[in-house]
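Here is the structure we will look at, set down as structure tokens.
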Amino acid sequence: MIFNSYASLSKNEKLTPYTFESEEPGPMDCRIKVTTCGICHSDLHMIENNWRISKYPLVPGHEVVGRIVEVGKMVHHLKVGDRVGVGWQSEACMECPDCLRGDENLCSENKATIVGRHGGFADHIQVDSRFAFKIPDAIDSIHASPLLCAGITVYSALVSAGMGSGGRVGVIGVGGLGHLAIQFASKLGNRVTAFTTSPDKAEFAVNLGAHDVVLNPTSKDQLREKCNIILNTTHNDLDWSYFLNQLDSDGTLSFVGVPASPLKIHVGQLLAKRKKITASPIGGRFIMNEMLRISAEHEIFPVVEEFSKDEINLAIEKVKNNSIRYRAVVDFRK
Ligand SMILES: NC(=O)c1ccc[n+]([C@@H]2O[C@H](COP(=O)([O-])OP(=O)(O)OC[C@H]3O[C@@H](n4cnc5c(N)ncnc54)[C@H](OP(=O)(O)O)[C@@H]3O)[C@@H](O)[C@H]2O)c1
Ligand SMILES: [Zn+2]
Ligand SMILES: [Zn+2]
């Protein structure tokens, strides 16, 4: 079958229409007719080859929602017509200890939807059906898309850093990931402080559920009540000593956004109050389903700007210059 997609033909190139022949679905595969796809900052990192793993032509898009149009002969849990979503991960070995624990995102054999294979900026996508997740009816496709990468990444990172309810959570960056992290933390009963560089986002963060906002934090901005978790969702090099100082005893600074430079941290800053630094990649299949259920139950939905497929480069440009509010989603029906 011919797939009609939008691809970057070489590093940093604008997307152009690109057709390719898809292989026949394997026994565990499914073929999905794409309805919507969000734009994650990782798509931009891939177009720019920031991580030196990009292969061109590159079809980005890993917040994919659509309907199943074909399944392989061993697929029993999904059928033609089901509405499903695909995120950053589209394959794992399913047999290693990480996979057996439900941490498929940690599998050494994991394959990403847009690394060495074509993603969701297309009329169709084909993936291992075990990485296509049913979307709850309460979430429409436009709002489901960003949950498949931004949503799972922040929810999984917060949970693995120990978030329950009644704690204090800081979120650095109010972008696609950050604005969902504020909602997960706040709607699940935590006190939230948002750190932002954008003045217009302060009021918005409060409307999302943040209790405090710190604009362009400097060493003068010491929190009265320190956080149990601070989640960094930006790729900037920031003053990490400042953020470690805003953590309570046993607090965790967790990275989902990867700063360009190595961290310069003195161990003494961790030792006295047993603080931790960690990082977290997306989330496994079990927690993906949990996150989708919780989003539906607590009405944790992204705030999106919608674009037609002809506006795909405009949308990417807006993500690049941090003017998107707060997640760009391309509607392939338009
Ligand atoms: N760990 C994982 O599994 C995982 C998964 C998905 C994405 N990511 C990474 O997480 C990061 C955030 O992704 P996203 O999709 O949320 O990005 P985004 O929507 O562009 O948001 C990033 C936020 O960072 C802040 N920022 C500060 N300086 C910036 C600059 N120079 N350019 C752009 N933003 C700047 C902005 O927040 P303020 O305006 O509030 O300051 C911006 O909204 C990316 O690096 C992405 O690759 C990691
Ligand atoms: Zn992503
Ligand atoms: Zn595995």
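Here, A, B, ... name the chains of the structure tokens in the order displayed, residue numbers run from 1 inside each chain, and ligands are numbered from 1 in the same displayed order.
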Next item on the list: Please check which protein, DNA or RNA residues sit within 9 Å of ligand 2, counting only C-alpha atoms and all ligand atoms, and write them as a PyMOL selection string.
Entry: chain A and resi 38-43+61-63+87-88+146+148-150+153+177+282
Output file for the residues above (N, CA and C atoms, as a compact mmCIF listing (two decimals), in the first residue's frame):
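What ended up in out.txt:
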# COMPACT_ATOMS: atom_id res chain seq x y z
N GLY A 38 0.04 15.11 17.01
CA GLY A 38 0.63 16.26 17.70
C GLY A 38 2.06 16.50 17.25
N ILE A 39 2.57 17.70 17.54
CA ILE A 39 3.98 18.00 17.25
C ILE A 39 4.70 18.18 18.58
N CYS A 40 5.60 17.24 18.84
CA CYS A 40 6.40 17.24 20.07
C CYS A 40 7.73 17.93 19.74
N HIS A 41 8.35 18.52 20.76
CA HIS A 41 9.65 19.15 20.47
C HIS A 41 10.68 18.10 20.02
N SER A 42 10.46 16.83 20.38
CA SER A 42 11.39 15.78 19.91
C SER A 42 11.34 15.64 18.38
N ASP A 43 10.16 15.92 17.76
CA ASP A 43 10.11 15.92 16.29
C ASP A 43 11.09 16.95 15.73
N GLY A 61 6.38 12.77 13.65
CA GLY A 61 5.01 12.55 14.13
C GLY A 61 4.92 11.31 15.00
N HIS A 62 4.81 11.52 16.32
CA HIS A 62 4.72 10.35 17.22
C HIS A 62 3.69 10.62 18.32
N GLU A 63 2.67 11.40 17.98
CA GLU A 63 1.50 11.55 18.85
C GLU A 63 0.28 11.28 17.95
N GLY A 87 2.50 6.35 20.35
CA GLY A 87 3.41 7.38 20.85
C GLY A 87 4.82 7.22 20.30
N TRP A 88 5.80 7.58 21.11
CA TRP A 88 7.20 7.56 20.67
C TRP A 88 7.68 6.15 20.37
N PRO A 146 -1.78 14.61 21.99
CA PRO A 146 -0.63 14.99 22.83
C PRO A 146 -0.42 14.11 24.05
N LEU A 148 -0.24 10.97 23.96
CA LEU A 148 0.52 9.78 23.57
C LEU A 148 2.03 9.95 23.75
N CYS A 149 2.53 11.19 23.74
CA CYS A 149 3.95 11.37 24.10
C CYS A 149 4.07 12.33 25.28
N ALA A 150 3.58 13.57 25.11
CA ALA A 150 3.73 14.55 26.20
C ALA A 150 3.09 14.02 27.49
N THR A 153 4.84 10.86 29.04
CA THR A 153 6.19 11.17 29.52
C THR A 153 6.16 11.84 30.89
N LEU A 177 4.78 19.45 27.18
CA LEU A 177 4.89 18.53 28.32
C LEU A 177 4.50 19.23 29.61
N ILE A 282 9.71 8.39 28.25
CA ILE A 282 8.29 8.06 27.96
C ILE A 282 7.66 7.19 29.05
Note to self: Which residues are near ligand 3 - at most 7 Å, using only C-alpha atoms and all ligand atoms? Format: as a count of residues only.
What the structure shows: 13
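Of the listed residues A:Lys134, A:Arg101, A:Lys79, A:Arg67, the one whose atoms come nearest to A:Gly284 is A:Arg101, with distances taken using only C-alpha atoms.
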Next item on the list: Compile the contact shell of A:Glu13 as a PyMOL selection string: residues with an atom at most 9 Å away, counting only C-alpha atoms, same-chain residues fewer than 6 positions apart removed.
Entry: chain A and resi 7+47-48
With all heavy atoms retained, could you export that selection as a PDB file, in the first residue's frame?
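This went into result19.pdb:
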ATOM      1  N   ALA A   7       7.601  14.627   4.781  1.00  0.00           N
ATOM      2  CA  ALA A   7       8.942  14.239   5.224  1.00  0.00           C
ATOM      3  C   ALA A   7       9.922  15.390   5.097  1.00  0.00           C
ATOM      4  O   ALA A   7       9.783  16.261   4.236  1.00  0.00           O
ATOM      5  CB  ALA A   7       9.433  13.067   4.384  1.00  0.00           C
ATOM      6  N   ILE A  47      14.246  16.432  13.300  1.00  0.00           N
ATOM      7  CA  ILE A  47      14.399  17.122  12.006  1.00  0.00           C
ATOM      8  C   ILE A  47      15.772  17.801  11.955  1.00  0.00           C
ATOM      9  O   ILE A  47      16.452  17.818  10.936  1.00  0.00           O
ATOM     10  CB  ILE A  47      13.255  18.148  11.799  1.00  0.00           C
ATOM     11  CG1 ILE A  47      11.912  17.422  11.637  1.00  0.00           C
ATOM     12  CG2 ILE A  47      13.528  19.049  10.597  1.00  0.00           C
ATOM     13  CD1 ILE A  47      10.685  18.334  11.717  1.00  0.00           C
ATOM     14  N   GLU A  48      16.195  18.339  13.112  1.00  0.00           N
ATOM     15  CA  GLU A  48      17.483  19.060  13.184  1.00  0.00           C
ATOM     16  C   GLU A  48      18.664  18.114  13.432  1.00  0.00           C
ATOM     17  O   GLU A  48      19.806  18.559  13.518  1.00  0.00           O
ATOM     18  CB  GLU A  48      17.409  20.112  14.304  1.00  0.00           C
ATOM     19  CG  GLU A  48      16.406  21.226  14.012  1.00  0.00           C
ATOM     20  CD  GLU A  48      16.072  22.080  15.237  1.00  0.00           C
ATOM     21  OE1 GLU A  48      16.730  21.928  16.291  1.00  0.00           O
ATOM     22  OE2 GLU A  48      15.139  22.899  15.125  1.00  0.00           O
TER      23      GLU A  48
END
Check: Within 6 Å of ligand 1, counting only C-alpha atoms and all ligand atoms, which protein or nucleic acid residues do you find, written as a ChimeraX atom specification?
Finding: /A:40-42,149-150,153,173-178,196-198,233-236,256-258,280-282,319,322
Checklist line | Surrounding residues of stretch 238-243 of chain A excluding itself and chain neighbours under 6 positions, 12 Å, only C-alpha atoms, as number ranges by chain | finding: A: 169-173, 193-197, 214, 216-223, 226-232, 251-255, 257-270, 275-277
Next item on the list: Taking the DSSP assignment computed from this structure's backbone, write out as a PyMOL selection string all residues of stretch 165-327 of chain A that belong to strand (DSSP E or B).
Entry: chain A and resi 168-172+191-196+212-215+227-232+247-255+276-279+304-308+327
Suppose we keep N, CA, C and O atoms; can you now write the selection as a compact mmCIF listing (two decimals), in the first residue's frame?
# COMPACT_ATOMS: atom_id res chain seq x y z
N ARG A 168 4.26 18.31 47.00
CA ARG A 168 4.52 19.59 46.33
C ARG A 168 5.40 19.31 45.11
O ARG A 168 6.48 18.72 45.22
N VAL A 169 4.90 19.74 43.96
CA VAL A 169 5.55 19.43 42.68
C VAL A 169 5.89 20.72 41.95
O VAL A 169 5.04 21.61 41.82
N GLY A 170 7.12 20.83 41.48
CA GLY A 170 7.53 21.95 40.63
C GLY A 170 7.63 21.49 39.19
O GLY A 170 8.02 20.35 38.92
N VAL A 171 7.25 22.35 38.26
CA VAL A 171 7.33 22.02 36.83
C VAL A 171 8.09 23.14 36.14
O VAL A 171 7.66 24.31 36.18
N ILE A 172 9.22 22.80 35.51
CA ILE A 172 10.02 23.81 34.79
C ILE A 172 9.62 23.76 33.31
O ILE A 172 9.78 22.73 32.65
N ARG A 191 0.33 20.26 45.43
CA ARG A 191 0.52 21.71 45.31
C ARG A 191 1.60 21.95 44.26
O ARG A 191 2.68 21.35 44.30
N VAL A 192 1.30 22.79 43.28
CA VAL A 192 2.18 22.90 42.11
C VAL A 192 2.78 24.31 41.97
O VAL A 192 2.07 25.31 42.09
N THR A 193 4.09 24.34 41.72
CA THR A 193 4.76 25.59 41.37
C THR A 193 5.27 25.46 39.93
O THR A 193 5.96 24.49 39.61
N ALA A 194 4.88 26.42 39.09
CA ALA A 194 5.36 26.41 37.70
C ALA A 194 6.49 27.42 37.56
O ALA A 194 6.42 28.52 38.11
N PHE A 195 7.54 27.03 36.83
CA PHE A 195 8.66 27.94 36.54
C PHE A 195 8.63 28.20 35.03
O PHE A 195 8.66 27.24 34.24
N THR A 196 8.55 29.45 34.64
CA THR A 196 8.44 29.76 33.21
C THR A 196 9.30 30.96 32.84
O THR A 196 9.63 31.78 33.69
N ASP A 212 1.43 28.42 42.45
CA ASP A 212 2.41 29.52 42.39
C ASP A 212 3.10 29.47 41.04
O ASP A 212 3.24 28.39 40.45
N VAL A 213 3.54 30.63 40.59
CA VAL A 213 4.32 30.70 39.35
C VAL A 213 5.55 31.54 39.62
O VAL A 213 5.46 32.61 40.23
N VAL A 214 6.72 31.06 39.18
CA VAL A 214 7.94 31.85 39.29
C VAL A 214 8.38 32.17 37.87
O VAL A 214 8.66 31.27 37.06
N LEU A 215 8.42 33.47 37.56
CA LEU A 215 8.78 33.94 36.22
C LEU A 215 10.29 34.23 36.21
O LEU A 215 10.78 34.95 37.08
N CYS A 227 9.82 21.79 47.28
CA CYS A 227 9.11 20.74 46.53
C CYS A 227 9.63 19.34 46.85
O CYS A 227 10.81 19.17 47.19
N ASN A 228 8.77 18.36 46.69
CA ASN A 228 9.20 16.95 46.79
C ASN A 228 9.76 16.49 45.44
O ASN A 228 10.65 15.64 45.38
N ILE A 229 9.18 17.03 44.38
CA ILE A 229 9.63 16.68 43.02
C ILE A 229 9.69 17.96 42.21
O ILE A 229 8.78 18.80 42.29
N ILE A 230 10.76 18.12 41.43
CA ILE A 230 10.77 19.16 40.39
C ILE A 230 11.04 18.46 39.06
O ILE A 230 12.00 17.69 38.93
N LEU A 231 10.15 18.70 38.10
CA LEU A 231 10.25 18.05 36.79
C LEU A 231 10.71 19.08 35.76
O LEU A 231 10.03 20.09 35.55
N ASN A 232 11.85 18.81 35.13
CA ASN A 232 12.33 19.73 34.09
C ASN A 232 11.82 19.28 32.72
O ASN A 232 12.12 18.17 32.28
N LEU A 247 14.27 22.01 46.43
CA LEU A 247 13.77 20.68 46.82
C LEU A 247 13.82 20.50 48.33
O LEU A 247 14.77 20.93 48.99
N ASP A 248 12.82 19.82 48.85
CA ASP A 248 12.78 19.43 50.26
C ASP A 248 13.71 18.22 50.47
O ASP A 248 14.22 17.65 49.50
N SER A 249 13.90 17.81 51.72
CA SER A 249 14.68 16.60 52.01
C SER A 249 14.11 15.42 51.23
O SER A 249 12.88 15.30 51.09
N ASP A 250 14.99 14.57 50.72
CA ASP A 250 14.59 13.40 49.92
C ASP A 250 13.92 13.78 48.61
O ASP A 250 13.33 12.92 47.94
N GLY A 251 13.97 15.04 48.24
CA GLY A 251 13.31 15.48 47.00
C GLY A 251 14.07 15.02 45.76
O GLY A 251 15.26 14.69 45.81
N THR A 252 13.35 15.00 44.65
CA THR A 252 13.91 14.49 43.38
C THR A 252 13.80 15.54 42.28
O THR A 252 12.71 16.08 42.04
N LEU A 253 14.92 15.81 41.63
CA LEU A 253 14.91 16.62 40.41
C LEU A 253 14.91 15.64 39.24
O LEU A 253 15.86 14.86 39.07
N SER A 254 13.82 15.63 38.48
CA SER A 254 13.67 14.65 37.40
C SER A 254 13.71 15.36 36.04
O SER A 254 13.04 16.37 35.85
N PHE A 255 14.46 14.78 35.13
CA PHE A 255 14.59 15.37 33.79
C PHE A 255 13.80 14.55 32.77
O PHE A 255 14.01 13.34 32.66
N LYS A 276 17.89 13.71 45.17
CA LYS A 276 18.20 12.80 44.06
C LYS A 276 18.01 13.53 42.72
O LYS A 276 17.17 14.41 42.62
N ILE A 277 18.79 13.07 41.75
CA ILE A 277 18.59 13.53 40.37
C ILE A 277 18.29 12.30 39.53
O ILE A 277 18.98 11.29 39.65
N THR A 278 17.27 12.37 38.70
CA THR A 278 16.95 11.24 37.84
C THR A 278 16.45 11.75 36.48
O THR A 278 16.35 12.96 36.27
N ALA A 279 16.20 10.82 35.58
CA ALA A 279 15.65 11.17 34.26
C ALA A 279 14.74 10.04 33.84
O ALA A 279 14.91 8.91 34.31
N VAL A 304 -4.81 22.91 22.88
CA VAL A 304 -4.17 22.71 21.58
C VAL A 304 -4.44 23.85 20.60
O VAL A 304 -5.44 24.56 20.71
N GLU A 305 -3.50 24.00 19.66
CA GLU A 305 -3.74 24.81 18.46
C GLU A 305 -3.83 23.82 17.32
O GLU A 305 -2.92 23.00 17.13
N GLU A 306 -4.93 23.90 16.56
CA GLU A 306 -5.15 22.93 15.48
C GLU A 306 -4.64 23.47 14.15
O GLU A 306 -4.80 24.67 13.86
N PHE A 307 -4.06 22.59 13.35
CA PHE A 307 -3.55 22.96 12.03
C PHE A 307 -4.02 21.93 11.01
O PHE A 307 -4.18 20.75 11.34
N SER A 308 -4.21 22.39 9.76
CA SER A 308 -4.49 21.43 8.68
C SER A 308 -3.15 20.88 8.19
O SER A 308 -2.09 21.43 8.50
N ARG A 327 0.05 23.00 22.61
CA ARG A 327 0.48 21.88 21.81
C ARG A 327 -0.11 22.02 20.41
O ARG A 327 -1.34 22.22 20.28
Check: Which residue, A:Phe20, A:Ser5, A:Asn105, A:Lys111, has the smallest gap to A:Asp310 when you use only C-alpha atoms?
Finding: A:Ser5
Selection near A:Glu23, 10 Å with only C-alpha atoms, sequence-local residues under 6 positions removed, as a PDB file with N, CA, C and O atoms, in the first residue's frame:
ATOM      1  N   MET A   1       0.850  -1.193   0.000  1.00  0.00           N
ATOM      2  CA  MET A   1       0.000   0.000   0.000  1.00  0.00           C
ATOM      3  C   MET A   1       0.888   1.247   0.000  1.00  0.00           C
ATOM      4  O   MET A   1       1.914   1.288   0.682  1.00  0.00           O
ATOM      5  N   ILE A   2       0.467   2.269  -0.731  1.00  0.00           N
ATOM      6  CA  ILE A   2       1.216   3.531  -0.758  1.00  0.00           C
ATOM      7  C   ILE A   2       0.762   4.417   0.400  1.00  0.00           C
ATOM      8  O   ILE A   2      -0.440   4.620   0.602  1.00  0.00           O
ATOM      9  N   GLN A 126       1.926   2.208  10.205  1.00  0.00           N
ATOM     10  CA  GLN A 126       1.872   0.769  10.535  1.00  0.00           C
ATOM     11  C   GLN A 126       2.834   0.505  11.682  1.00  0.00           C
ATOM     12  O   GLN A 126       3.994   0.907  11.624  1.00  0.00           O
TER      13      GLN A 126
END
Check: Restricting the calculation to only C-alpha atoms, which member of A:Val115, A:Ile152, A:Ala202, A:Ile53 is positioned closest to A:Gly85?
Finding: A:Ile152
Item checked: For A:Gly164: contacts at 12 Å, only C-alpha atoms, fewer than 6 positions along chain excluded, given as a ChimeraX atom specification -> /A:155-156,158,184-191,228-229
Would you save the residues from that selection as a PDB file, in the first residue's frame, using N, CA, C and O atoms?
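Okay, again_34.pdb is ready:
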ATOM      1  N   TYR A 155       3.522  12.013  33.048  1.00  0.00           N
ATOM      2  CA  TYR A 155       2.826  11.220  34.062  1.00  0.00           C
ATOM      3  C   TYR A 155       3.755  10.123  34.595  1.00  0.00           C
ATOM      4  O   TYR A 155       3.896   9.940  35.810  1.00  0.00           O
ATOM      5  N   SER A 156       4.411   9.408  33.689  1.00  0.00           N
ATOM      6  CA  SER A 156       5.295   8.325  34.092  1.00  0.00           C
ATOM      7  C   SER A 156       6.472   8.857  34.924  1.00  0.00           C
ATOM      8  O   SER A 156       6.853   8.263  35.939  1.00  0.00           O
ATOM      9  N   LEU A 158       6.569  11.585  36.770  1.00  0.00           N
ATOM     10  CA  LEU A 158       6.093  12.032  38.090  1.00  0.00           C
ATOM     11  C   LEU A 158       5.812  10.831  38.991  1.00  0.00           C
ATOM     12  O   LEU A 158       6.179  10.823  40.168  1.00  0.00           O
ATOM     13  N   PHE A 184      -1.613  17.092  35.662  1.00  0.00           N
ATOM     14  CA  PHE A 184      -1.562  15.789  36.351  1.00  0.00           C
ATOM     15  C   PHE A 184      -1.270  15.995  37.834  1.00  0.00           C
ATOM     16  O   PHE A 184      -1.938  15.423  38.698  1.00  0.00           O
ATOM     17  N   ALA A 185      -0.253  16.820  38.131  1.00  0.00           N
ATOM     18  CA  ALA A 185       0.148  16.984  39.532  1.00  0.00           C
ATOM     19  C   ALA A 185      -0.963  17.653  40.331  1.00  0.00           C
ATOM     20  O   ALA A 185      -1.306  17.217  41.431  1.00  0.00           O
ATOM     21  N   SER A 186      -1.544  18.689  39.764  1.00  0.00           N
ATOM     22  CA  SER A 186      -2.537  19.465  40.506  1.00  0.00           C
ATOM     23  C   SER A 186      -3.845  18.692  40.659  1.00  0.00           C
ATOM     24  O   SER A 186      -4.393  18.582  41.759  1.00  0.00           O
ATOM     25  N   LYS A 187      -4.335  18.121  39.560  1.00  0.00           N
ATOM     26  CA  LYS A 187      -5.641  17.435  39.635  1.00  0.00           C
ATOM     27  C   LYS A 187      -5.563  16.143  40.449  1.00  0.00           C
ATOM     28  O   LYS A 187      -6.591  15.627  40.881  1.00  0.00           O
ATOM     29  N   LEU A 188      -4.351  15.630  40.650  1.00  0.00           N
ATOM     30  CA  LEU A 188      -4.213  14.443  41.508  1.00  0.00           C
ATOM     31  C   LEU A 188      -3.891  14.854  42.947  1.00  0.00           C
ATOM     32  O   LEU A 188      -3.493  14.023  43.761  1.00  0.00           O
ATOM     33  N   GLY A 189      -4.021  16.153  43.244  1.00  0.00           N
ATOM     34  CA  GLY A 189      -4.008  16.572  44.652  1.00  0.00           C
ATOM     35  C   GLY A 189      -2.692  17.096  45.190  1.00  0.00           C
ATOM     36  O   GLY A 189      -2.472  17.099  46.403  1.00  0.00           O
ATOM     37  N   ASN A 190      -1.834  17.565  44.309  1.00  0.00           N
ATOM     38  CA  ASN A 190      -0.555  18.116  44.773  1.00  0.00           C
ATOM     39  C   ASN A 190      -0.532  19.630  44.630  1.00  0.00           C
ATOM     40  O   ASN A 190      -1.270  20.204  43.829  1.00  0.00           O
ATOM     41  N   ARG A 191       0.334  20.262  45.428  1.00  0.00           N
ATOM     42  CA  ARG A 191       0.522  21.706  45.312  1.00  0.00           C
ATOM     43  C   ARG A 191       1.602  21.950  44.258  1.00  0.00           C
ATOM     44  O   ARG A 191       2.676  21.354  44.300  1.00  0.00           O
ATOM     45  N   ASN A 228       8.769  18.356  46.691  1.00  0.00           N
ATOM     46  CA  ASN A 228       9.202  16.953  46.786  1.00  0.00           C
ATOM     47  C   ASN A 228       9.764  16.487  45.439  1.00  0.00           C
ATOM     48  O   ASN A 228      10.647  15.639  45.384  1.00  0.00           O
ATOM     49  N   ILE A 229       9.177  17.029  44.381  1.00  0.00           N
ATOM     50  CA  ILE A 229       9.627  16.677  43.022  1.00  0.00           C
ATOM     51  C   ILE A 229       9.691  17.963  42.205  1.00  0.00           C
ATOM     52  O   ILE A 229       8.779  18.799  42.288  1.00  0.00           O
TER      53      ILE A 229
END
Note to self: Please report the interatomic distance between atom CA of A:Asp123 and atom CA of A:Thr35 in Å with one decimal.
What the structure shows: 7.7 Å
Checklist line | Selection: 12 Å around A:Pro25, only C-alpha atoms, excl. self and same-chain fewer than 5 positions, as number ranges by chain | finding: A: 1, 30-32, 69-75, 125-129
Those residues you just picked out, can you put them in a file as a PDB file, in the first residue's frame with C-alpha atoms?
ATOM      1  CA  MET A   1       0.000   0.000   0.000  1.00  0.00           C
ATOM      2  CA  CYS A  30      -1.746  -3.068  12.621  1.00  0.00           C
ATOM      3  CA  ARG A  31      -2.327  -0.432   9.997  1.00  0.00           C
ATOM      4  CA  ILE A  32      -3.919   2.812  11.154  1.00  0.00           C
ATOM      5  CA  VAL A  69      -7.927  -0.358   8.959  1.00  0.00           C
ATOM      6  CA  GLU A  70      -6.068  -3.679   8.962  1.00  0.00           C
ATOM      7  CA  VAL A  71      -4.627  -6.098  11.525  1.00  0.00           C
ATOM      8  CA  GLY A  72      -2.149  -8.971  11.235  1.00  0.00           C
ATOM      9  CA  LYS A  73      -3.457 -12.507  11.681  1.00  0.00           C
ATOM     10  CA  MET A  74      -2.167 -12.860  15.281  1.00  0.00           C
ATOM     11  CA  VAL A  75      -3.822  -9.641  16.519  1.00  0.00           C
ATOM     12  CA  ILE A 125       1.004   4.401   9.847  1.00  0.00           C
ATOM     13  CA  GLN A 126       1.872   0.769  10.535  1.00  0.00           C
ATOM     14  CA  VAL A 127       3.171  -0.420  13.927  1.00  0.00           C
ATOM     15  CA  ASP A 128       3.301  -3.440  16.210  1.00  0.00           C
ATOM     16  CA  SER A 129      -0.272  -3.589  17.522  1.00  0.00           C
TER      17      SER A 129
END
Item checked: One-decimal distance in Å that lies between atom CA of A:Leu58 and atom CA of A:His45 -> 11.7 Å
Note to self: Residues of stretch 61-260 of chain A classed as helix (DSSP H, G or I) by DSSP on the backbone are to be reported as a PyMOL selection string.
What the structure shows: chain A and resi 97-100+104-106+129-131+141-148+150-160+176-187+201-208+240-245
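Taking atom CA of A:Ile324 as the reference point, atom CA of A:Val303 is found at 10.1 Å.
Among the candidates A:Val64, A:Ile316, A:Ala132, A:Ala210, the one nearest to A:His77 when counting only C-alpha atoms is A:Ala132.
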